[in-house]
Amino acid sequence: MFLWGEDCVLIRYNKHRIMRILLIEDEKRLSNIIKKGFIELGYVVDQAFDGEEGFYLARSESYDVIILDILLPKLDGITVCKQLRDKKIAIPILMLTAKARVEDRVMGLDVGADDYLTKPFEFVELKARVNALLRRNYHQPQSLITIDDLKIDPIKRIVKRNNKHIVLTPKEFSILEFLALHKDEPVTRTQITEHTWDYNFDSFSNVVDVFIATLRKKIDNGYKNKLIHTVHGVGYKISERKR
């Protein structure tokens, strides 16, 4: 079920990126449930199932928040958090644990975690806590993006052209919004995949071109002024300038 209304968690944006979450949790069933929930809200989620992999991804990729379990194989969450802070990596960290003792919560916060959630928990609370961490680090997104007669509402995730509502899938919306945030700027297929899919995505596939073709049908069909353009040898851009 996709949540697009006012009660949906507000996804925070900087000028150029969709929000990315690193989820470090060794319980695969729980990890997959959490990932599914955030993907339905429009986030990109990378998973790690042990502390060493999580630490590597946190250092080598760009994330906006880390959800970190404490009891992990290879490298426990406390150590991961401490080592990230020792490396001056300031990504907000929300720790998950089955340990409910005050001492355990204090230990996580003392090594640099920003928040703490005890298992079992409801996804709605996890979502709210992640949203709060993102609010601390980013300004509110633009209330409305306008390109010619196309209007994109990043908060309500509504798209209209000439006041006609356009229904988009979560991935289509993310790609359109990314193009819109780069209005008049060519963006490469690699840039689109990096900010719209997780790190396991096959960058050599033609899925970006397939999504762009679908977006063109939904956004440009029936309109004389086409907004989505191919930049040969580079990628794509969205622009209100006529060809």
# chains A, B, ... in the order shown; residues from 1 in each chain; ligands from 1

$ residues_around --residues "Pro73 in chain A" --least-positions-apart "5" --cutoff "12 Å" --atoms "only C-alpha atoms" --output "list in words"
Ile24, Glu25, Asp26, Glu27, Ala48, Phe49, Asp50, Gly51, Glu52, Glu53, Gly54, Ile78, Thr79 and Val80 of chain A

$ write_last_selection --atoms "N, CA and C atoms" --output "PDB file, in the first residue's frame"
ATOM      1  N   ILE A  24      21.194  -1.400   8.720  1.00  0.00           N
ATOM      2  CA  ILE A  24      22.134  -2.435   9.153  1.00  0.00           C
ATOM      3  C   ILE A  24      21.426  -3.297  10.195  1.00  0.00           C
ATOM      4  N   GLU A  25      20.925  -4.431   9.764  1.00  0.00           N
ATOM      5  CA  GLU A  25      20.094  -5.301  10.596  1.00  0.00           C
ATOM      6  C   GLU A  25      20.281  -6.735  10.119  1.00  0.00           C
ATOM      7  N   ASP A  26      20.677  -7.639  11.026  1.00  0.00           N
ATOM      8  CA  ASP A  26      20.964  -9.016  10.609  1.00  0.00           C
ATOM      9  C   ASP A  26      19.731  -9.900  10.544  1.00  0.00           C
ATOM     10  N   GLU A  27      18.619  -9.499  11.161  1.00  0.00           N
ATOM     11  CA  GLU A  27      17.376 -10.265  11.036  1.00  0.00           C
ATOM     12  C   GLU A  27      16.760  -9.939   9.673  1.00  0.00           C
ATOM     13  N   ALA A  48      22.479  -3.902   4.903  1.00  0.00           N
ATOM     14  CA  ALA A  48      23.671  -4.651   5.304  1.00  0.00           C
ATOM     15  C   ALA A  48      23.244  -5.594   6.415  1.00  0.00           C
ATOM     16  N   PHE A  49      23.783  -6.814   6.402  1.00  0.00           N
ATOM     17  CA  PHE A  49      23.344  -7.827   7.358  1.00  0.00           C
ATOM     18  C   PHE A  49      24.402  -8.175   8.407  1.00  0.00           C
ATOM     19  N   ASP A  50      25.496  -7.448   8.418  1.00  0.00           N
ATOM     20  CA  ASP A  50      26.477  -7.581   9.493  1.00  0.00           C
ATOM     21  C   ASP A  50      27.185  -6.241   9.662  1.00  0.00           C
ATOM     22  N   GLY A  51      27.879  -6.100  10.781  1.00  0.00           N
ATOM     23  CA  GLY A  51      28.493  -4.818  11.107  1.00  0.00           C
ATOM     24  C   GLY A  51      29.602  -4.409  10.163  1.00  0.00           C
ATOM     25  N   GLU A  52      30.386  -5.363   9.695  1.00  0.00           N
ATOM     26  CA  GLU A  52      31.501  -5.027   8.806  1.00  0.00           C
ATOM     27  C   GLU A  52      30.989  -4.466   7.481  1.00  0.00           C
ATOM     28  N   GLU A  53      29.989  -5.122   6.909  1.00  0.00           N
ATOM     29  CA  GLU A  53      29.415  -4.625   5.654  1.00  0.00           C
ATOM     30  C   GLU A  53      28.775  -3.259   5.863  1.00  0.00           C
ATOM     31  N   GLY A  54      28.072  -3.098   6.980  1.00  0.00           N
ATOM     32  CA  GLY A  54      27.443  -1.823   7.272  1.00  0.00           C
ATOM     33  C   GLY A  54      28.447  -0.699   7.415  1.00  0.00           C
ATOM     34  N   ILE A  78      27.373  -1.014  18.504  1.00  0.00           N
ATOM     35  CA  ILE A  78      28.063  -0.011  19.322  1.00  0.00           C
ATOM     36  C   ILE A  78      29.416   0.312  18.718  1.00  0.00           C
ATOM     37  N   THR A  79      30.135  -0.726  18.308  1.00  0.00           N
ATOM     38  CA  THR A  79      31.455  -0.522  17.705  1.00  0.00           C
ATOM     39  C   THR A  79      31.342   0.189  16.365  1.00  0.00           C
ATOM     40  N   VAL A  80      30.358  -0.200  15.563  1.00  0.00           N
ATOM     41  CA  VAL A  80      30.148   0.458  14.268  1.00  0.00           C
ATOM     42  C   VAL A  80      29.909   1.946  14.479  1.00  0.00           C
TER      43      VAL A  80
END

$ residues_around --residues "range 166-171 of chain A" --least-positions-apart "3" --cutoff "8 Å" --atoms "only C-alpha atoms" --output "list of chain:residue names"
A:Glu40, A:Leu41, A:Gly42, A:Ile158, A:Val159, A:Lys160, A:Arg161, A:Ser174, A:Ile175, A:Thr196, A:Lys218, A:Ile219

$ select_by_dssp --residues "range 18-130 of chain A" --states "alpha helix (DSSP H)" --output "ChimeraX atom specification"
/A:28-40,51-60,77-86,102-110,123-130

$ closest_residue --among "A:Ala58, A:Ile155, A:Leu22, A:Val106" --to "Lys87 in chain A" --atoms "only C-alpha atoms"
A:Ala58

$ closest_residue --among "A:Gly108, A:Gly235, A:Pro154, A:Pro186" --to "Ile212 in chain A" --atoms "only C-alpha atoms"
A:Gly235

$ closest_residue --among "A:Asp148, A:Arg157, A:Ile67, A:Val207" --to "Leu117 in chain A" --atoms "only C-alpha atoms"
A:Ile67

$ select_by_dssp --residues "range 70-126 of chain A" --states "strand (DSSP E)" --output "PyMOL selection string"
chain A and resi 93-97+115-118

$ write_last_selection --atoms "C-alpha atoms" --output "PDB file, in the first residue's frame"
ATOM      1  CA  ILE A  93      22.182   7.186  13.480  1.00  0.00           C
ATOM      2  CA  LEU A  94      19.065   5.543  14.911  1.00  0.00           C
ATOM      3  CA  MET A  95      19.953   2.438  16.955  1.00  0.00           C
ATOM      4  CA  LEU A  96      17.697  -0.614  17.197  1.00  0.00           C
ATOM      5  CA  THR A  97      18.031  -3.225  19.903  1.00  0.00           C
ATOM      6  CA  ASP A 115      18.195   8.181  18.759  1.00  0.00           C
ATOM      7  CA  TYR A 116      17.303   4.768  20.146  1.00  0.00           C
ATOM      8  CA  LEU A 117      14.348   2.418  19.531  1.00  0.00           C
ATOM      9  CA  THR A 118      13.733  -0.810  21.452  1.00  0.00           C
TER      10      THR A 118
END

$ closest_residue --among "A:Asn162, A:Glu172, A:Glu185, A:Val234" --to "Phe211 in chain A" --atoms "only C-alpha atoms"
A:Glu172

$ closest_residue --among "A:Lys119, A:Val44, A:Val130, A:Ala98" --to "Ile66 in chain A" --atoms "only C-alpha atoms"
A:Val130

$ residues_around --residues "Ile228 in chain A" --least-positions-apart "2" --cutoff "10 Å" --atoms "only C-alpha atoms" --output "PDB file with C-alpha atoms, in the first residue's frame"
ATOM      1  CA  LEU A 176      10.520  13.127 -12.366  1.00  0.00           C
ATOM      2  CA  LEU A 179      14.836  15.870 -13.151  1.00  0.00           C
ATOM      3  CA  ALA A 180      12.750  18.791 -11.896  1.00  0.00           C
ATOM      4  CA  ASP A 184      17.430  22.861 -17.487  1.00  0.00           C
ATOM      5  CA  ILE A 212      11.761   7.912 -19.090  1.00  0.00           C
ATOM      6  CA  ALA A 213       9.676   6.582 -21.985  1.00  0.00           C
ATOM      7  CA  LEU A 215       7.139   9.392 -18.036  1.00  0.00           C
ATOM      8  CA  ARG A 216       7.062  11.004 -21.467  1.00  0.00           C
ATOM      9  CA  ILE A 219       3.756  13.975 -18.927  1.00  0.00           C
ATOM     10  CA  ASP A 220       4.129  15.009 -22.591  1.00  0.00           C
ATOM     11  CA  ASN A 225       5.373  21.774 -25.664  1.00  0.00           C
ATOM     12  CA  LYS A 226       7.400  18.715 -24.642  1.00  0.00           C
ATOM     13  CA  THR A 230      17.016  13.682 -24.514  1.00  0.00           C
ATOM     14  CA  VAL A 231      20.485  15.193 -24.308  1.00  0.00           C
ATOM     15  CA  TYR A 236      18.034  13.620 -20.067  1.00  0.00           C
ATOM     16  CA  LYS A 237      16.760  16.956 -18.836  1.00  0.00           C
ATOM     17  CA  ILE A 238      13.469  18.618 -18.086  1.00  0.00           C
ATOM     18  CA  SER A 239      12.969  22.082 -19.510  1.00  0.00           C
ATOM     19  CA  GLU A 240      10.051  24.304 -20.467  1.00  0.00           C
TER      20      GLU A 240
END

$ closest_residue --among "A:Lys82, A:Gly112, A:Ile34, A:Phe178" --to "Phe55 in chain A" --atoms "only C-alpha atoms"
A:Lys82

$ decode --residues "range 39-83 of chain A" --atoms "N, CA and C atoms" --output "JSON list (two decimals), in the first residue's frame"
[["chain", "number", "residue", "atom", "x", "y", "z"],
["A", 39, "ILE", "N", 10.61, 2.06, 1.23],
["A", 39, "ILE", "CA", 10.55, 2.15, -0.23],
["A", 39, "ILE", "C", 9.17, 2.63, -0.67],
["A", 40, "GLU", "N", 8.12, 2.13, 0.00],
["A", 40, "GLU", "CA", 6.76, 2.56, -0.32],
["A", 40, "GLU", "C", 6.56, 4.05, -0.06],
["A", 41, "LEU", "N", 7.40, 4.62, 0.79],
["A", 41, "LEU", "CA", 7.33, 6.05, 1.09],
["A", 41, "LEU", "C", 8.25, 6.87, 0.19],
["A", 42, "GLY", "N", 8.96, 6.21, -0.73],
["A", 42, "GLY", "CA", 9.77, 6.93, -1.70],
["A", 42, "GLY", "C", 11.25, 7.02, -1.40],
["A", 43, "TYR", "N", 11.70, 6.39, -0.31],
["A", 43, "TYR", "CA", 13.12, 6.41, 0.02],
["A", 43, "TYR", "C", 13.89, 5.38, -0.80],
["A", 44, "VAL", "N", 15.20, 5.56, -0.87],
["A", 44, "VAL", "CA", 16.10, 4.52, -1.36],
["A", 44, "VAL", "C", 16.73, 3.89, -0.14],
["A", 45, "VAL", "N", 16.72, 2.56, -0.07],
["A", 45, "VAL", "CA", 17.22, 1.85, 1.11],
["A", 45, "VAL", "C", 18.26, 0.81, 0.71],
["A", 46, "ASP", "N", 19.44, 0.90, 1.28],
["A", 46, "ASP", "CA", 20.48, -0.12, 1.14],
["A", 46, "ASP", "C", 20.51, -0.95, 2.42],
["A", 47, "GLN", "N", 20.71, -2.26, 2.26],
["A", 47, "GLN", "CA", 20.74, -3.16, 3.41],
["A", 47, "GLN", "C", 22.14, -3.72, 3.64],
["A", 48, "ALA", "N", 22.48, -3.90, 4.90],
["A", 48, "ALA", "CA", 23.67, -4.65, 5.30],
["A", 48, "ALA", "C", 23.24, -5.59, 6.42],
["A", 49, "PHE", "N", 23.78, -6.81, 6.40],
["A", 49, "PHE", "CA", 23.34, -7.83, 7.36],
["A", 49, "PHE", "C", 24.40, -8.17, 8.41],
["A", 50, "ASP", "N", 25.50, -7.45, 8.42],
["A", 50, "ASP", "CA", 26.48, -7.58, 9.49],
["A", 50, "ASP", "C", 27.19, -6.24, 9.66],
["A", 51, "GLY", "N", 27.88, -6.10, 10.78],
["A", 51, "GLY", "CA", 28.49, -4.82, 11.11],
["A", 51, "GLY", "C", 29.60, -4.41, 10.16],
["A", 52, "GLU", "N", 30.39, -5.36, 9.69],
["A", 52, "GLU", "CA", 31.50, -5.03, 8.81],
["A", 52, "GLU", "C", 30.99, -4.47, 7.48],
["A", 53, "GLU", "N", 29.99, -5.12, 6.91],
["A", 53, "GLU", "CA", 29.41, -4.63, 5.65],
["A", 53, "GLU", "C", 28.77, -3.26, 5.86],
["A", 54, "GLY", "N", 28.07, -3.10, 6.98],
["A", 54, "GLY", "CA", 27.44, -1.82, 7.27],
["A", 54, "GLY", "C", 28.45, -0.70, 7.42],
["A", 55, "PHE", "N", 29.53, -0.98, 8.14],
["A", 55, "PHE", "CA", 30.58, 0.02, 8.32],
["A", 55, "PHE", "C", 31.20, 0.41, 6.98],
["A", 56, "TYR", "N", 31.44, -0.58, 6.12],
["A", 56, "TYR", "CA", 32.01, -0.31, 4.79],
["A", 56, "TYR", "C", 31.08, 0.57, 3.96],
["A", 57, "LEU", "N", 29.78, 0.23, 3.93],
["A", 57, "LEU", "CA", 28.84, 1.03, 3.14],
["A", 57, "LEU", "C", 28.71, 2.44, 3.69],
["A", 58, "ALA", "N", 28.67, 2.57, 5.00],
["A", 58, "ALA", "CA", 28.54, 3.90, 5.62],
["A", 58, "ALA", "C", 29.71, 4.80, 5.27],
["A", 59, "ARG", "N", 30.89, 4.21, 5.10],
["A", 59, "ARG", "CA", 32.08, 4.99, 4.75],
["A", 59, "ARG", "C", 32.20, 5.26, 3.26],
["A", 60, "SER", "N", 31.65, 4.37, 2.43],
["A", 60, "SER", "CA", 31.90, 4.47, 0.99],
["A", 60, "SER", "C", 30.73, 5.05, 0.20],
["A", 61, "GLU", "N", 29.53, 5.06, 0.78],
["A", 61, "GLU", "CA", 28.35, 5.59, 0.08],
["A", 61, "GLU", "C", 27.83, 6.83, 0.81],
["A", 62, "SER", "N", 26.89, 7.51, 0.18],
["A", 62, "SER", "CA", 26.32, 8.72, 0.76],
["A", 62, "SER", "C", 24.91, 8.42, 1.28],
["A", 63, "TYR", "N", 24.70, 8.62, 2.58],
["A", 63, "TYR", "CA", 23.40, 8.34, 3.19],
["A", 63, "TYR", "C", 22.94, 9.55, 4.02],
["A", 64, "ASP", "N", 21.63, 9.59, 4.25],
["A", 64, "ASP", "CA", 21.05, 10.68, 5.03],
["A", 64, "ASP", "C", 20.70, 10.24, 6.44],
["A", 65, "VAL", "N", 20.54, 8.94, 6.65],
["A", 65, "VAL", "CA", 20.30, 8.41, 7.98],
["A", 65, "VAL", "C", 20.70, 6.93, 7.98],
["A", 66, "ILE", "N", 21.19, 6.45, 9.13],
["A", 66, "ILE", "CA", 21.54, 5.05, 9.30],
["A", 66, "ILE", "C", 20.66, 4.46, 10.39],
["A", 67, "ILE", "N", 20.01, 3.34, 10.08],
["A", 67, "ILE", "CA", 19.27, 2.57, 11.07],
["A", 67, "ILE", "C", 20.16, 1.39, 11.44],
["A", 68, "LEU", "N", 20.59, 1.32, 12.68],
["A", 68, "LEU", "CA", 21.67, 0.42, 13.09],
["A", 68, "LEU", "C", 21.25, -0.46, 14.26],
["A", 69, "ASP", "N", 21.23, -1.78, 14.03],
["A", 69, "ASP", "CA", 20.97, -2.73, 15.11],
["A", 69, "ASP", "C", 22.22, -2.85, 15.99],
["A", 70, "ILE", "N", 22.06, -3.18, 17.26],
["A", 70, "ILE", "CA", 23.22, -3.32, 18.14],
["A", 70, "ILE", "C", 23.82, -4.72, 18.06],
["A", 71, "LEU", "N", 22.97, -5.75, 18.13],
["A", 71, "LEU", "CA", 23.46, -7.13, 18.14],
["A", 71, "LEU", "C", 23.66, -7.62, 16.71],
["A", 72, "LEU", "N", 24.86, -7.41, 16.20],
["A", 72, "LEU", "CA", 25.19, -7.76, 14.81],
["A", 72, "LEU", "C", 26.36, -8.73, 14.78],
["A", 73, "PRO", "N", 26.40, -9.61, 13.77],
["A", 73, "PRO", "CA", 27.59, -10.46, 13.60],
["A", 73, "PRO", "C", 28.77, -9.65, 13.08],
["A", 74, "LYS", "N", 29.97, -10.15, 13.31],
["A", 74, "LYS", "CA", 31.24, -9.62, 12.83],
["A", 74, "LYS", "C", 31.66, -8.33, 13.53],
["A", 75, "LEU", "N", 30.74, -7.37, 13.63],
["A", 75, "LEU", "CA", 31.04, -6.10, 14.30],
["A", 75, "LEU", "C", 29.75, -5.59, 14.90],
["A", 76, "ASP", "N", 29.70, -5.43, 16.23],
["A", 76, "ASP", "CA", 28.44, -5.02, 16.86],
["A", 76, "ASP", "C", 28.13, -3.56, 16.57],
["A", 77, "GLY", "N", 26.86, -3.20, 16.77],
["A", 77, "GLY", "CA", 26.40, -1.85, 16.43],
["A", 77, "GLY", "C", 27.07, -0.75, 17.22],
["A", 78, "ILE", "N", 27.37, -1.01, 18.50],
["A", 78, "ILE", "CA", 28.06, -0.01, 19.32],
["A", 78, "ILE", "C", 29.42, 0.31, 18.72],
["A", 79, "THR", "N", 30.13, -0.73, 18.31],
["A", 79, "THR", "CA", 31.45, -0.52, 17.70],
["A", 79, "THR", "C", 31.34, 0.19, 16.36],
["A", 80, "VAL", "N", 30.36, -0.20, 15.56],
["A", 80, "VAL", "CA", 30.15, 0.46, 14.27],
["A", 80, "VAL", "C", 29.91, 1.95, 14.48],
["A", 81, "CYS", "N", 29.01, 2.28, 15.40],
["A", 81, "CYS", "CA", 28.69, 3.69, 15.67],
["A", 81, "CYS", "C", 29.92, 4.45, 16.14],
["A", 82, "LYS", "N", 30.66, 3.86, 17.09],
["A", 82, "LYS", "CA", 31.84, 4.53, 17.62],
["A", 82, "LYS", "C", 32.88, 4.76, 16.53],
["A", 83, "GLN", "N", 33.11, 3.75, 15.68],
["A", 83, "GLN", "CA", 34.12, 3.89, 14.64],
["A", 83, "GLN", "C", 33.71, 4.92, 13.58]]
